[in-house]
$ cat model-v6.txt   # compact mmCIF, C-alpha atoms
# COMPACT_ATOMS: atom_id res chain seq x y z
CA MET A 1 28.12 102.08 157.34
CA THR A 2 29.87 101.24 160.58
CA PRO A 3 29.46 98.23 162.88
CA THR A 4 26.85 98.58 165.62
CA GLU A 5 27.92 97.97 169.20
CA LYS A 6 25.64 95.43 170.87
CA LYS A 7 27.47 94.78 174.14
CA SER A 8 30.27 96.42 176.09
CA ALA A 9 31.79 95.09 179.30
CA VAL A 10 34.79 95.49 181.56
CA SER A 11 35.92 92.99 184.16
CA ILE A 12 38.69 92.75 186.72
CA VAL A 13 39.92 89.26 187.54
CA VAL A 14 42.44 88.55 190.31
CA VAL A 15 43.91 85.10 190.90
CA GLY A 16 45.02 84.21 194.41
CA ALA A 17 43.69 82.86 197.70
CA PHE A 18 40.38 84.24 198.96
CA ASN A 19 37.78 83.62 201.64
CA PRO A 20 34.46 84.03 199.77
CA LEU A 21 32.53 84.57 203.01
CA VAL A 22 34.24 87.93 203.50
CA TYR A 23 32.97 89.50 200.29
CA GLN A 24 29.37 90.24 201.22
CA PRO A 25 27.31 93.39 200.51
CA ASN A 26 27.22 94.35 204.19
CA TRP A 27 31.02 94.05 204.44
CA TYR A 28 31.37 96.50 201.56
CA ALA A 29 28.93 98.88 203.23
CA ALA A 30 30.67 98.57 206.63
CA LYS A 31 33.99 99.51 204.99
CA GLY A 32 32.41 102.51 203.29
CA LEU A 33 32.98 101.09 199.82
CA ILE A 34 29.29 101.15 198.83
CA PRO A 35 26.26 102.88 200.39
CA GLN A 36 24.22 100.81 202.84
CA GLU A 37 21.21 101.29 200.56
CA GLU A 38 23.10 99.63 197.70
CA ALA A 39 24.11 96.75 199.96
CA ASP A 40 20.51 96.26 201.11
CA ALA A 41 19.26 96.23 197.51
CA ALA A 42 21.93 93.81 196.21
CA GLU A 43 20.61 90.63 194.63
CA ILE A 44 22.43 87.81 196.40
CA GLU A 45 22.78 84.66 194.35
CA VAL A 46 24.88 82.70 196.83
CA ILE A 47 27.02 83.29 199.92
CA HIS A 48 28.97 80.17 200.84
CA ARG A 49 32.43 79.25 201.97
CA ASP A 50 33.17 78.10 198.40
CA ILE A 51 31.63 80.95 196.45
CA THR A 52 29.96 84.33 196.87
CA THR A 53 28.03 85.94 194.03
CA PHE A 54 25.84 89.03 194.13
CA ASN A 55 24.61 91.71 191.73
CA THR A 56 23.85 95.40 191.95
CA PRO A 57 22.30 97.44 189.10
CA GLY A 58 25.77 98.48 187.93
CA TRP A 59 28.05 95.51 188.54
CA LEU A 60 28.48 91.85 189.51
CA LEU A 61 30.88 90.40 192.07
CA GLN A 62 31.89 86.74 192.28
CA VAL A 63 34.58 85.32 194.56
CA THR A 64 35.74 81.72 194.83
CA ALA A 65 38.66 80.27 196.77
CA ASP A 66 41.09 81.13 193.96
CA ARG A 67 39.41 83.84 191.86
CA PHE A 68 38.01 87.33 192.40
CA LEU A 69 35.80 88.82 189.66
CA LEU A 70 34.18 92.24 189.32
CA GLN A 71 32.28 92.86 186.09
CA SER A 72 30.13 95.61 184.63
CA THR A 73 28.22 95.97 181.37
CA ALA A 74 27.27 99.58 182.14
CA ALA A 75 29.76 102.13 180.80
CA ALA A 76 28.97 104.49 183.67
CA SER A 77 30.13 101.80 186.12
CA PHE A 78 33.46 100.88 184.50
CA ARG A 79 35.36 103.33 186.69
CA VAL A 80 33.17 102.31 189.64
CA ILE A 81 34.40 98.71 189.57
CA ARG A 82 38.00 99.93 189.36
CA ASP A 83 37.45 102.04 192.49
CA LEU A 84 35.63 99.17 194.19
CA ALA A 85 38.41 96.69 193.45
CA LEU A 86 41.00 99.22 194.63
CA GLY A 87 39.07 99.71 197.87
CA THR A 88 38.66 95.95 198.34
CA PHE A 89 42.36 95.16 198.07
CA SER A 90 43.37 98.22 200.05
CA GLU A 91 41.21 96.91 202.91
CA LEU A 92 42.48 93.34 202.38
CA SER A 93 46.06 94.15 201.44
CA GLU A 94 47.34 90.93 202.97
CA THR A 95 45.47 88.85 200.36
CA PRO A 96 47.88 86.52 198.53
CA VAL A 97 47.70 87.02 194.75
CA THR A 98 49.53 85.62 191.73
CA ALA A 99 48.06 87.44 188.73
CA MET A 100 45.29 89.71 187.49
CA GLY A 101 43.59 90.74 184.29
CA ILE A 102 41.80 93.86 183.14
CA ASN A 103 39.44 92.55 180.49
CA ARG A 104 37.49 94.44 177.85
CA GLU A 105 34.76 92.66 175.89
CA THR A 106 32.56 93.99 173.11
CA THR A 107 30.03 92.52 170.71
CA TYR A 108 29.41 94.22 167.37
CA ILE A 109 26.97 93.61 164.54
CA MET A 110 28.76 94.03 161.23
CA ASP A 111 26.78 96.00 158.67
CA THR A 112 26.96 93.40 155.88
CA GLU A 113 27.64 89.69 155.47
CA GLU A 114 30.65 90.61 153.36
CA SER A 115 32.23 92.77 156.05
CA TRP A 116 31.54 90.08 158.68
CA ASN A 117 33.31 87.43 156.60
CA ALA A 118 36.13 89.77 155.62
CA LEU A 119 37.03 90.45 159.24
CA GLY A 120 37.99 86.85 159.92
CA TRP A 121 39.21 85.73 156.52
CA THR A 122 41.61 88.66 156.20
CA ILE A 123 43.37 87.54 159.39
CA VAL A 124 43.27 83.84 158.41
CA PRO A 125 42.76 83.61 154.63
CA GLN A 126 40.15 81.04 153.64
CA VAL A 127 42.07 80.21 150.48
CA ASN A 128 44.74 78.52 152.62
CA TRP A 129 42.19 75.90 153.68
CA ASP A 130 39.96 75.42 150.65
CA ALA A 131 42.17 72.68 149.20
CA VAL A 132 42.07 70.51 152.34
CA MET A 133 38.64 71.27 153.86
CA GLU A 134 35.13 71.16 152.42
CA ARG A 135 33.52 74.12 154.20
CA PRO A 136 36.11 75.89 156.37
CA SER A 137 34.70 78.33 158.91
CA LEU A 138 36.56 80.50 161.37
CA ARG A 139 35.59 80.03 165.04
CA ALA A 140 38.25 81.96 166.94
CA VAL A 141 41.41 83.97 166.41
CA VAL A 142 43.81 84.87 169.22
CA ILE A 143 46.62 87.40 168.83
CA GLU A 144 49.09 87.92 171.68
CA ASP A 145 51.54 90.75 172.22
CA VAL A 146 54.11 91.69 174.84
CA ARG A 147 52.82 94.23 177.33
CA GLY A 148 55.25 96.92 176.20
CA ASP A 149 55.98 98.16 179.71
CA GLU A 150 58.00 96.94 182.67
CA ARG A 151 55.20 94.76 184.04
CA PRO A 152 55.37 90.99 183.37
CA GLY A 153 52.42 89.65 181.40
CA TYR A 154 50.85 90.06 177.96
CA ARG A 155 47.98 91.57 176.00
CA ARG A 156 45.76 89.11 174.15
CA VAL A 157 43.05 89.91 171.61
CA GLN A 158 40.46 87.27 170.74
CA LEU A 159 37.89 87.49 167.97
CA ASN A 160 35.10 85.02 167.40
CA PRO A 161 31.65 84.92 165.83
CA VAL A 162 28.70 85.17 168.20
CA GLU A 163 26.38 82.19 168.16
CA ASN A 164 22.78 82.96 167.18
CA VAL A 165 23.55 86.62 166.44
CA LEU A 166 23.42 87.47 162.75
CA ARG A 167 26.75 89.03 161.66
CA GLY A 168 27.81 89.22 165.30
CA VAL A 169 31.46 89.32 166.31
CA SER A 170 32.91 89.27 169.81
CA ILE A 171 36.19 91.10 170.39
CA GLN A 172 37.87 90.56 173.75
CA VAL A 173 41.06 92.11 175.09
CA ASN A 174 42.79 90.52 178.08
CA ASP A 175 45.42 92.75 179.67
CA HIS A 176 47.19 90.18 181.84
CA PHE A 177 49.60 90.94 184.68
CA GLU A 178 51.80 88.28 186.30
CA PHE A 179 52.87 88.82 189.92
CA ALA A 180 54.17 85.59 191.46
CA SER A 181 54.07 81.82 191.24
CA PRO A 182 51.54 79.87 193.35
CA GLU A 183 54.42 78.83 195.57
CA THR A 184 55.51 82.41 196.24
CA MET A 185 52.25 84.34 196.25
CA ALA A 186 52.58 88.08 196.79
CA ASP A 187 50.28 90.20 198.89
CA ALA A 188 47.79 92.52 197.18
CA THR A 189 50.24 95.40 196.68
CA PRO A 190 50.72 94.62 192.95
CA VAL A 191 46.94 94.70 192.38
CA ILE A 192 46.72 98.10 194.08
CA ASP A 193 49.62 99.38 191.95
CA VAL A 194 48.04 98.20 188.68
CA LEU A 195 44.63 99.67 189.50
CA THR A 196 46.25 102.95 190.53
CA ASP A 197 48.82 103.38 187.76
CA ALA A 198 47.80 101.22 184.78
CA TRP A 199 43.99 101.31 184.62
CA ASP A 200 43.56 104.23 182.22
CA THR A 201 46.26 102.99 179.85
CA SER A 202 44.80 99.48 179.92
CA ILE A 203 41.29 100.60 178.98
CA THR A 204 42.51 103.08 176.36
CA THR A 205 44.76 100.45 174.76
CA ALA A 206 41.98 97.86 174.74
CA ASP A 207 39.59 100.25 173.02
CA ARG A 208 42.24 101.12 170.44
CA LEU A 209 42.84 97.42 169.69
CA ILE A 210 39.11 96.78 169.36
CA GLN A 211 38.66 99.68 166.95
CA HIS A 212 41.65 98.46 164.93
CA ALA A 213 40.18 94.96 164.73
CA LEU A 214 36.94 96.36 163.33
CA THR A 215 38.83 97.93 160.40
CA ILE A 216 40.49 94.68 159.30
CA GLY A 217 39.34 93.63 155.86
CA GLN A 218 37.08 96.65 155.47
CA ALA A 219 37.40 98.74 152.32
$ encode --input "model-v6.txt" --output "structure tokens"
Amino acid sequence: MTPTEKKSAVSIVVVGAFNPLVYQPNWYAAKGLIPQEEADAAEIEVIHRDITTFNTPGWLLQVTADRFLLQSTAAASFRVIRDLALGTFSELSETPVTAMGINRETTYIMDTEESWNALGWTIVPQVNWDAVMERPSLRAVVIEDVRGDERPGYRRVQLNPVENVLRGVSIQVNDHFEFASPETMADATPVIDVLTDAWDTSITTADRLIQHALTIGQA
């Protein structure tokens, strides 16, 4: 048997300096980034100078003074949020930014208790802790790698059990890009470049890492 996928999400996070009041559904419609009908139907949680949050059926947007987030749990909208982020920062290309992440998150249900335990204890063998702990349990594992291209940053994979989900495991991949220090913030050109040139590779690599993680410890 194979693990069952329970959740799948993609998010784009940009760190920089933002004015949350700009990022409203009607602004997106006025710029031609979403249809007016979608803007009118958006569920607005809050629009304030400190934070804007609203939902559409396919994605969520949240902007604070130092963080921009677009997230989708619908596979059909993964490319949509890429295009939406690209349109946002093309319109607001003067936005100062320091870093961004393309994040992939999945939750799987392992088919047996044995395969669920094997996933974690193969990476961090339980036997190494039995002599010094009474009931060792694994709560999180983080593996970091160099990006492998010319862009500063890293790829980080995190695995952890899912609370209150029997045999559940969360596997997250953070593809992190560094642009500038807070003192020398760049404009949004690096974000546009990443979304244009690195998106497909980022998602493909994340999916490959997730599938590899699911094979660890499995016979």
$ axis_aligned_box --input "model-v6.txt" --around "stretch 95-99 of chain A" --padding-each-side "8 Å" --output "lines of an AutoDock Vina configuration file"
center_x = 47.5
center_y = 87.2
center_z = 194.5
size_x = 20.1
size_y = 19.2
size_z = 27.6
$ atom_distance --input "model-v6.txt" --atom1 "atom CA of A:Gly101" --atom2 "atom CA of A:Pro190"
11.9 Å
$ closest_residue --input "model-v6.txt" --among "A:Thr95, A:Thr53, A:Ser202, A:Gln36" --to "A:Leu69" --atoms "all atoms listed in the file"
A:Thr53
$ closest_residue --input "model-v6.txt" --among "A:Ala198, A:Val157, A:Ala9, A:Leu33" --to "A:Ser90" --atoms "only C-alpha atoms"
A:Leu33
$ closest_residue --input "model-v6.txt" --among "A:Trp59, A:Phe68, A:Trp116, A:Phe179" --to "A:Tyr23" --atoms "all atoms listed in the file"
A:Phe68
$ residues_around --input "model-v6.txt" --residues "A:Thr215" --least-positions-apart "5" --cutoff "12 Å" --atoms "all atoms listed in the file" --output "list in words"
Met1, Thr2, Pro3, Met110, Ser115, Trp116, Ala118, Leu119, Gly120, Thr122, Ile123, Arg208, Leu209 and Ile210 of chain A
$ closest_residue --input "model-v6.txt" --among "A:Ala206, A:Leu138, A:Leu21, A:Val169" --to "A:Ala65" --atoms "only C-alpha atoms"
A:Leu21
$ atom_distance --input "model-v6.txt" --atom1 "atom CA of A:His48" --atom2 "atom CA of A:Pro20"
6.8 Å
$ residues_around --input "model-v6.txt" --residues "A:Val142" --least-positions-apart "6" --cutoff "7 Å" --atoms "only C-alpha atoms" --output "ChimeraX atom specification"
/A:156-159
$ atom_distance --input "model-v6.txt" --atom1 "atom CA of A:Gln24" --atom2 "atom CA of A:Val80"
17.2 Å
$ closest_residue --input "model-v6.txt" --among "A:Asn160, A:Asn117, A:Asn103, A:Thr52" --to "A:Val14" --atoms "all atoms listed in the file"
A:Asn103
